[in-house]
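> Let me begin by handing over the structure; questions about it come next.
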Amino acid sequence: MSSLALPVEASDGPRRRRLHPILVTGILLMALLTALAVLAPPLFGHAATTLTSDSRLAPSAQHLLGTDEFGRDLFARALVATRLTLVLTATATALSVVIGVSVGTTIWMAPERVRRAVLGVNAVAVAFPSLVLALVIAAVLGAGAWPATLAIGIAGCPAFVRLSANMAAPIVTRDYVSTARRLGVPGPLVILRHVLPNMAEPMLVLVASCFAVTMMELSGLSFVGLGVQEPDFDFGKLLSDGLVSIYTQPSQVVGPSVMLVLTGLAAMLIGDGLAASSNPRTRSRTRSSGPTGRLRPSGRPAVPPADPEATVSVRGLRVHSAAGVELVKGVSFDVAPGEVLGIVGESGSGKSLTAMSLAGLVPESTDATADALWVAGHDLLAPVPPAALARDVALVYQDPVSSFNPALRLGTQLTEVARTHLGMSRGAARRALVDRLRRLKITEPERRTHQHPHELSGGMLQRAMIASSLLTEARLLIADEATSALDVTVQVEVLRRVVAVSRSVGASVLFISHDLGVVRAMCDRVLVLYRGEAVEELSADALEQGRVSHRYTRRLLEAAEYVEAIR
Ligand SMILES: Nc1ncnc2c1ncn2[C@@H]1O[C@H](COP(=O)(O)OP(=O)(O)OP(=O)(O)O)[C@@H](O)[C@H]1O
């Protein structure tokens, strides 16, 4: 939320996106089963289907699971059944997904009445258990492998219609989708280009789980005699054949049971692995160098902080893009405890990259180096415990609305960092939050903690986020254009309170803005960045009296004075 930090590691190795171990295990297992599906029929087909006189043999070295009543090798039959089981399951799953997702997304291109009618009918179908629905369809279509597949595939559609309709709902209202539709882009193209790519990841997770359920349902139909028929066999058919002699020859059901479990496990592991990979909390744990770009020593002799008490001491900070472009060019500065330092500069001058480097959040695909980078007593060029950095460096972002989860009450989300990183109890964190909210002049602070984000104005949310970031008693508060989204009249008022509250808890503030006027009103010192370089460092007095030397700063100052004059 408002205060966060991610692992900082000095790593020289190339950055690679690593797959989650659960996903790798699932893919390997599924690859093994697929290889078995391809190779088992030619290798073991003869032993699995040839009738012999060796009826009902017990397991032995020659027949690992024994033989059935027609003398066929049970181990070979379990392996050979993999192909038909996987083919039928994949077909039924594909049917459910393709039909379900097509209907669930296309209805958003249809008139509202049609959409409501389709969703209403679908809701009734969803309420009907899919296996019962499949049994009804299978009974109508007749027994057989492909009718059963069709039945299971169709029965699985309503769930996918509902899921994809729900997933598409927030996407179709986004501006780029509305614009595409207004420009007359055909509905199917809008779905293919804008809607489906945005729901692909969660959908893949569901498809993997659906595969396991579909296999169980298909096996169920074969088991009750409505699915695969003699002489073909899948896992369900093998279980059904073994049931009659389960007490006298239990080894008959071992092969298909184990294969069912392994196939279901592979699908579920892939689903869980995909879910874990798409969850940033678990994803960050599986990456060798964290989700941020690289931050490492420059290679020049290490520089100790000029003032050991300084909250920030940066020397020679450089940030390069993946293409090798130097975006920040050797910036150096200090921030004393309780000091408010403003960083100003035009758009693209490197303000955010500089500030984010201080929080250990170098963007992906960039590479940051420094001769020294000390923040709140941590040497960021060496590994720093993420919890310590999250506690000591607080970040306040520009857009308060998108920083909040609309479904959670403010009290829960605003105390999350304090509870997680400081180990504060729920009650203590809430009391501290109420105190910070009160100090930031938010009316009825107790009641606010029970409200949802939509019940507060943008200005209040921004102050609430700042209050939360001050809960951890951070030593540095980084406010990156934190109030730009607010009305000009509220901006200065909010900032004054931020500075006052930060000072009262002894925190330094790094205040980033385009607006020299606002910076001049707030900061003790100002650092002017121009095209990635720190071109001037000024005291608030020097700025006030117009004692600036760089022509770029002079232009900024003139622009600020012009804006103030016309306000
Ligand atoms: N991850 C990245 N990969 C490549 N270039 C980047 C990346 N992040 C930022 N840049 C580039 O680095 C330069 C500085 O970006 P930065 O966000 O620090 O600017 P800024 O001064 O904060 O601008 P603004 O006020 O518009 O946010 C810009 O040219 C930007 O396009």
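Naming scheme: A, B, ... for chains in displayed order of the structure tokens; residues 1 onward per chain; ligands 1 onward as shown.
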Can you tell me which residues surround stretch 544-555 of chain A at a distance of at most 10 Å, considering only C-alpha atoms, apart from same-chain residues fewer than 6 positions away, and format the answer as a PyMOL selection string?

chain A and resi 344-346+516-517+520-521+527-530+535-538+561

> Would you mind exporting the chosen residues as a PDB file, in the first residue's frame, restricted to C-alpha atoms?


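Result file is again_1.pdb:
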ATOM      1  CA  VAL A 344      12.128  19.595  -9.058  1.00  0.00           C
ATOM      2  CA  GLY A 345      12.560  19.225 -12.769  1.00  0.00           C
ATOM      3  CA  GLU A 346      10.588  18.881 -15.944  1.00  0.00           C
ATOM      4  CA  LEU A 516       8.505  25.046  -8.128  1.00  0.00           C
ATOM      5  CA  GLY A 517       5.884  27.277  -6.471  1.00  0.00           C
ATOM      6  CA  ARG A 520       9.292  26.766  -2.612  1.00  0.00           C
ATOM      7  CA  ALA A 521       6.488  26.948  -0.047  1.00  0.00           C
ATOM      8  CA  LEU A 527      17.578  20.002  -5.831  1.00  0.00           C
ATOM      9  CA  VAL A 528      17.019  20.870  -9.477  1.00  0.00           C
ATOM     10  CA  LEU A 529      17.281  17.983 -11.941  1.00  0.00           C
ATOM     11  CA  TYR A 530      17.671  18.598 -15.649  1.00  0.00           C
ATOM     12  CA  VAL A 535      22.211  21.118 -12.055  1.00  0.00           C
ATOM     13  CA  GLU A 536      21.649  23.157  -8.921  1.00  0.00           C
ATOM     14  CA  GLU A 537      21.072  22.797  -5.177  1.00  0.00           C
ATOM     15  CA  LEU A 538      19.457  25.772  -3.447  1.00  0.00           C
ATOM     16  CA  GLU A 561       5.931  33.111 -10.961  1.00  0.00           C
TER      17      GLU A 561
END

> With only C-alpha atoms as the counted atoms, please give the residues lying no more than 12 Å from A:Asn166, apart from itself and same-chain residues fewer than 6 positions off, as a list in words.

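Returned residues: Gly100, Val101, Val103, Gly104, Thr105, Ile107, Trp108, Leu119, Ala159, Phe160, Val172, Val195, Met199, Pro202 and Met203 of chain A.
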
> Set the distance at 9 Å and use only C-alpha atoms: which residues neighbour A:Ser298 once local chain neighbours fewer than 4 positions away are removed? I'd like the list as a PyMOL selection string.

chain A and resi 302+316-318+368-372

> Please identify every polymer residue within 7 Å of ligand 1, using only C-alpha atoms and all ligand atoms, and present the set as a ChimeraX atom specification.

/A:321-322,327,345-354,363-366,514,532

> Which is closest to A:Leu238 among A:Gln413, A:Gln62, A:Ser513, A:Gln252, if we use only C-alpha atoms?

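Counting only C-alpha atoms, the residue closest to A:Leu238 is A:Gln252.
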
> Determine which residues of stretch 152-258 of chain A DSSP labels as helix (DSSP H, G or I) from the backbone of this structure, then write them out as a PyMOL selection string.

chain A and resi 152-155+157-172+175-182+187-223+235-243+251-258

> Could you save those same residues with C-alpha atoms as a PDB file, in the first residue's frame?


ATOM      1  CA  ILE A 152     -19.207 -33.010 -20.145  1.00  0.00           C
ATOM      2  CA  GLY A 153     -17.980 -30.213 -22.422  1.00  0.00           C
ATOM      3  CA  ILE A 154     -21.449 -28.666 -22.717  1.00  0.00           C
ATOM      4  CA  ALA A 155     -22.189 -29.115 -19.015  1.00  0.00           C
ATOM      5  CA  CYS A 157     -19.960 -24.167 -20.314  1.00  0.00           C
ATOM      6  CA  PRO A 158     -22.226 -22.287 -17.851  1.00  0.00           C
ATOM      7  CA  ALA A 159     -19.441 -21.979 -15.277  1.00  0.00           C
ATOM      8  CA  PHE A 160     -17.105 -20.483 -17.889  1.00  0.00           C
ATOM      9  CA  VAL A 161     -19.835 -18.161 -19.198  1.00  0.00           C
ATOM     10  CA  ARG A 162     -20.302 -16.774 -15.712  1.00  0.00           C
ATOM     11  CA  LEU A 163     -16.595 -16.537 -14.900  1.00  0.00           C
ATOM     12  CA  SER A 164     -15.623 -14.883 -18.161  1.00  0.00           C
ATOM     13  CA  ALA A 165     -18.624 -12.503 -18.029  1.00  0.00           C
ATOM     14  CA  ASN A 166     -17.555 -11.434 -14.532  1.00  0.00           C
ATOM     15  CA  MET A 167     -13.916 -11.061 -15.551  1.00  0.00           C
ATOM     16  CA  ALA A 168     -14.802  -9.107 -18.692  1.00  0.00           C
ATOM     17  CA  ALA A 169     -17.149  -6.724 -16.843  1.00  0.00           C
ATOM     18  CA  PRO A 170     -14.462  -4.343 -15.476  1.00  0.00           C
ATOM     19  CA  ILE A 171     -12.411  -4.589 -18.681  1.00  0.00           C
ATOM     20  CA  VAL A 172     -15.179  -3.574 -21.110  1.00  0.00           C
ATOM     21  CA  ASP A 175     -11.434   3.810 -21.689  1.00  0.00           C
ATOM     22  CA  TYR A 176      -9.437   1.999 -24.362  1.00  0.00           C
ATOM     23  CA  VAL A 177     -12.271  -0.503 -24.920  1.00  0.00           C
ATOM     24  CA  SER A 178     -14.918   2.262 -25.102  1.00  0.00           C
ATOM     25  CA  THR A 179     -12.695   4.190 -27.527  1.00  0.00           C
ATOM     26  CA  ALA A 180     -12.216   1.132 -29.750  1.00  0.00           C
ATOM     27  CA  ARG A 181     -15.965   0.559 -29.823  1.00  0.00           C
ATOM     28  CA  ARG A 182     -16.712   4.212 -30.577  1.00  0.00           C
ATOM     29  CA  GLY A 187     -16.935  -6.537 -31.438  1.00  0.00           C
ATOM     30  CA  PRO A 188     -15.020  -9.809 -31.956  1.00  0.00           C
ATOM     31  CA  LEU A 189     -11.852  -7.854 -32.693  1.00  0.00           C
ATOM     32  CA  VAL A 190     -12.321  -5.746 -29.537  1.00  0.00           C
ATOM     33  CA  ILE A 191     -12.694  -8.979 -27.544  1.00  0.00           C
ATOM     34  CA  LEU A 192      -9.651 -10.592 -29.143  1.00  0.00           C
ATOM     35  CA  ARG A 193      -7.418  -7.559 -28.905  1.00  0.00           C
ATOM     36  CA  HIS A 194      -8.483  -5.847 -25.676  1.00  0.00           C
ATOM     37  CA  VAL A 195     -10.577  -8.144 -23.493  1.00  0.00           C
ATOM     38  CA  LEU A 196      -9.079 -11.643 -23.776  1.00  0.00           C
ATOM     39  CA  PRO A 197      -5.409 -10.663 -23.244  1.00  0.00           C
ATOM     40  CA  ASN A 198      -6.418  -8.945 -19.991  1.00  0.00           C
ATOM     41  CA  MET A 199      -8.119 -12.013 -18.586  1.00  0.00           C
ATOM     42  CA  ALA A 200      -5.754 -14.649 -19.959  1.00  0.00           C
ATOM     43  CA  GLU A 201      -3.750 -15.200 -16.786  1.00  0.00           C
ATOM     44  CA  PRO A 202      -6.601 -15.887 -14.300  1.00  0.00           C
ATOM     45  CA  MET A 203      -8.414 -17.803 -17.020  1.00  0.00           C
ATOM     46  CA  LEU A 204      -5.459 -20.170 -17.490  1.00  0.00           C
ATOM     47  CA  VAL A 205      -5.518 -20.936 -13.762  1.00  0.00           C
ATOM     48  CA  LEU A 206      -9.207 -21.864 -14.031  1.00  0.00           C
ATOM     49  CA  VAL A 207      -8.659 -23.956 -17.153  1.00  0.00           C
ATOM     50  CA  ALA A 208      -6.056 -26.047 -15.341  1.00  0.00           C
ATOM     51  CA  SER A 209      -8.440 -26.721 -12.440  1.00  0.00           C
ATOM     52  CA  CYS A 210     -11.278 -27.401 -14.886  1.00  0.00           C
ATOM     53  CA  PHE A 211      -9.108 -30.013 -16.640  1.00  0.00           C
ATOM     54  CA  ALA A 212      -8.817 -32.049 -13.424  1.00  0.00           C
ATOM     55  CA  VAL A 213     -12.556 -31.822 -12.696  1.00  0.00           C
ATOM     56  CA  THR A 214     -13.447 -32.712 -16.307  1.00  0.00           C
ATOM     57  CA  MET A 215     -11.242 -35.806 -16.158  1.00  0.00           C
ATOM     58  CA  MET A 216     -13.002 -36.949 -12.984  1.00  0.00           C
ATOM     59  CA  GLU A 217     -16.429 -36.412 -14.563  1.00  0.00           C
ATOM     60  CA  LEU A 218     -15.490 -38.232 -17.778  1.00  0.00           C
ATOM     61  CA  SER A 219     -14.065 -41.108 -15.763  1.00  0.00           C
ATOM     62  CA  GLY A 220     -17.305 -41.099 -13.767  1.00  0.00           C
ATOM     63  CA  LEU A 221     -19.381 -41.474 -16.932  1.00  0.00           C
ATOM     64  CA  SER A 222     -17.133 -44.312 -18.174  1.00  0.00           C
ATOM     65  CA  PHE A 223     -17.375 -45.900 -14.726  1.00  0.00           C
ATOM     66  CA  PHE A 235      -9.107 -44.780 -16.556  1.00  0.00           C
ATOM     67  CA  GLY A 236     -12.835 -44.772 -15.663  1.00  0.00           C
ATOM     68  CA  LYS A 237     -13.512 -47.873 -17.767  1.00  0.00           C
ATOM     69  CA  LEU A 238     -10.552 -49.695 -16.172  1.00  0.00           C
ATOM     70  CA  LEU A 239     -11.867 -48.834 -12.697  1.00  0.00           C
ATOM     71  CA  SER A 240     -15.289 -50.108 -13.683  1.00  0.00           C
ATOM     72  CA  ASP A 241     -13.784 -53.383 -15.014  1.00  0.00           C
ATOM     73  CA  GLY A 242     -11.810 -53.842 -11.803  1.00  0.00           C
ATOM     74  CA  LEU A 243     -14.746 -53.186  -9.504  1.00  0.00           C
ATOM     75  CA  SER A 251      -4.507 -54.797  -7.918  1.00  0.00           C
ATOM     76  CA  GLN A 252      -6.948 -54.280 -10.844  1.00  0.00           C
ATOM     77  CA  VAL A 253      -7.917 -50.811  -9.584  1.00  0.00           C
ATOM     78  CA  VAL A 254      -4.430 -49.724  -8.499  1.00  0.00           C
ATOM     79  CA  GLY A 255      -3.168 -48.758 -11.992  1.00  0.00           C
ATOM     80  CA  PRO A 256      -6.096 -46.521 -13.088  1.00  0.00           C
ATOM     81  CA  SER A 257      -6.400 -45.023  -9.571  1.00  0.00           C
ATOM     82  CA  VAL A 258      -2.734 -43.999  -9.461  1.00  0.00           C
TER      83      VAL A 258
END

> What is the atom CA of A:Ala355 to atom CA of A:Ser457 distance in Å?

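Taking atom CA of A:Ala355 as the start and atom CA of A:Ser457 as the end point, the length is 27.1 Å.
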
> Check the DSSP output for the backbone and give back, as a list in words, the residues of stretch 144-318 of chain A in strand (DSSP E).

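Here is the list: Arg294, Leu295, Arg296, Pro297, Val312, Ser313, Val314, Arg315, Gly316, Leu317 and Arg318 of chain A.
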
> Output N, CA and C atoms of each residue in that selection to a file, as a PDB file, in the first residue's frame.


ATOM      1  N   ARG A 294      18.242  -3.780 -11.080  1.00  0.00           N
ATOM      2  CA  ARG A 294      19.435  -3.990 -10.260  1.00  0.00           C
ATOM      3  C   ARG A 294      19.934  -2.698  -9.629  1.00  0.00           C
ATOM      4  N   LEU A 295      20.377  -2.822  -8.395  1.00  0.00           N
ATOM      5  CA  LEU A 295      20.968  -1.697  -7.687  1.00  0.00           C
ATOM      6  C   LEU A 295      22.275  -2.223  -7.137  1.00  0.00           C
ATOM      7  N   ARG A 296      23.395  -1.666  -7.587  1.00  0.00           N
ATOM      8  CA  ARG A 296      24.662  -2.255  -7.180  1.00  0.00           C
ATOM      9  C   ARG A 296      25.753  -1.196  -7.061  1.00  0.00           C
ATOM     10  N   PRO A 297      26.865  -1.554  -6.419  1.00  0.00           N
ATOM     11  CA  PRO A 297      27.937  -0.574  -6.273  1.00  0.00           C
ATOM     12  C   PRO A 297      28.509  -0.205  -7.639  1.00  0.00           C
ATOM     13  N   VAL A 312      19.597  10.565   4.398  1.00  0.00           N
ATOM     14  CA  VAL A 312      19.947  10.099   3.055  1.00  0.00           C
ATOM     15  C   VAL A 312      21.317  10.635   2.699  1.00  0.00           C
ATOM     16  N   SER A 313      22.148   9.762   2.136  1.00  0.00           N
ATOM     17  CA  SER A 313      23.439  10.215   1.637  1.00  0.00           C
ATOM     18  C   SER A 313      23.682   9.467   0.320  1.00  0.00           C
ATOM     19  N   VAL A 314      23.570  10.182  -0.786  1.00  0.00           N
ATOM     20  CA  VAL A 314      23.721   9.558  -2.107  1.00  0.00           C
ATOM     21  C   VAL A 314      24.941  10.145  -2.781  1.00  0.00           C
ATOM     22  N   ARG A 315      25.769   9.273  -3.357  1.00  0.00           N
ATOM     23  CA  ARG A 315      26.924   9.758  -4.122  1.00  0.00           C
ATOM     24  C   ARG A 315      26.963   9.035  -5.461  1.00  0.00           C
ATOM     25  N   GLY A 316      26.992   9.816  -6.517  1.00  0.00           N
ATOM     26  CA  GLY A 316      27.176   9.260  -7.873  1.00  0.00           C
ATOM     27  C   GLY A 316      26.114   8.253  -8.289  1.00  0.00           C
ATOM     28  N   LEU A 317      24.840   8.571  -8.041  1.00  0.00           N
ATOM     29  CA  LEU A 317      23.769   7.640  -8.447  1.00  0.00           C
ATOM     30  C   LEU A 317      23.557   7.742  -9.960  1.00  0.00           C
ATOM     31  N   ARG A 318      23.675   6.590 -10.607  1.00  0.00           N
ATOM     32  CA  ARG A 318      23.436   6.537 -12.057  1.00  0.00           C
ATOM     33  C   ARG A 318      22.422   5.459 -12.336  1.00  0.00           C
TER      34      ARG A 318
END

> If we count only C-alpha atoms, what is near A:Val519 at a cut-off of 12 Å, once residues fewer than 3 positions away on the same chain are taken out, given as a PyMOL selection string?

chain A and resi 340-345+479+481+483-484+491-492+495-496+499+509-516+522-528+538-540+543-544+556-557+560

> Excluding same-chain residues fewer than 4 positions from A:Thr91, what lies within 9 Å of it counting only C-alpha atoms, as a list in words?

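That gives Leu86, Val87, Leu95, Ser96, Thr149, Leu150 and Gly153 of chain A.
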
> List as a compact mmCIF listing (two decimals) with C-alpha atoms, in the first residue's frame the protein and nucleic acid residues near A:Ala143, meaning an atom at most 12 Å away when only C-alpha atoms are counted, but skip any in the same chain fewer than 2 places from it.


# COMPACT_ATOMS: atom_id res chain seq x y z
CA ALA A 134 -23.79 -34.07 -18.08
CA LEU A 135 -25.68 -37.26 -17.13
CA VAL A 136 -28.87 -35.85 -18.64
CA ILE A 137 -27.09 -34.81 -21.86
CA ALA A 138 -25.24 -38.16 -22.06
CA ALA A 139 -28.50 -40.05 -21.60
CA VAL A 140 -30.00 -38.08 -24.49
CA LEU A 141 -26.94 -38.48 -26.76
CA ALA A 145 -16.74 -41.86 -25.59
CA TRP A 146 -17.51 -38.89 -27.83
CA PRO A 147 -21.13 -38.35 -26.69
CA ALA A 148 -19.82 -38.38 -23.10
CA THR A 149 -17.11 -35.86 -24.02
CA LEU A 150 -19.70 -33.63 -25.66
CA ALA A 151 -21.97 -33.94 -22.61
CA LEU A 218 -15.49 -38.23 -17.78
CA LEU A 221 -19.38 -41.47 -16.93
CA SER A 222 -17.13 -44.31 -18.17
CA PHE A 223 -17.38 -45.90 -14.73
CA VAL A 224 -21.18 -45.98 -14.84
CA GLY A 225 -21.16 -47.30 -18.43
CA LEU A 226 -22.16 -44.10 -20.25
CA GLY A 227 -18.66 -43.17 -21.45
CA VAL A 228 -15.92 -45.18 -23.18
CA GLN A 229 -17.13 -48.57 -24.47
CA GLU A 230 -15.33 -51.88 -25.20

> Using only C-alpha atoms, which of the listed residues (A:Val335, A:Ala78, A:Met109, A:Ala432) sits closest to A:Leu260?

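Closest residue, counting only C-alpha atoms: A:Ala78.
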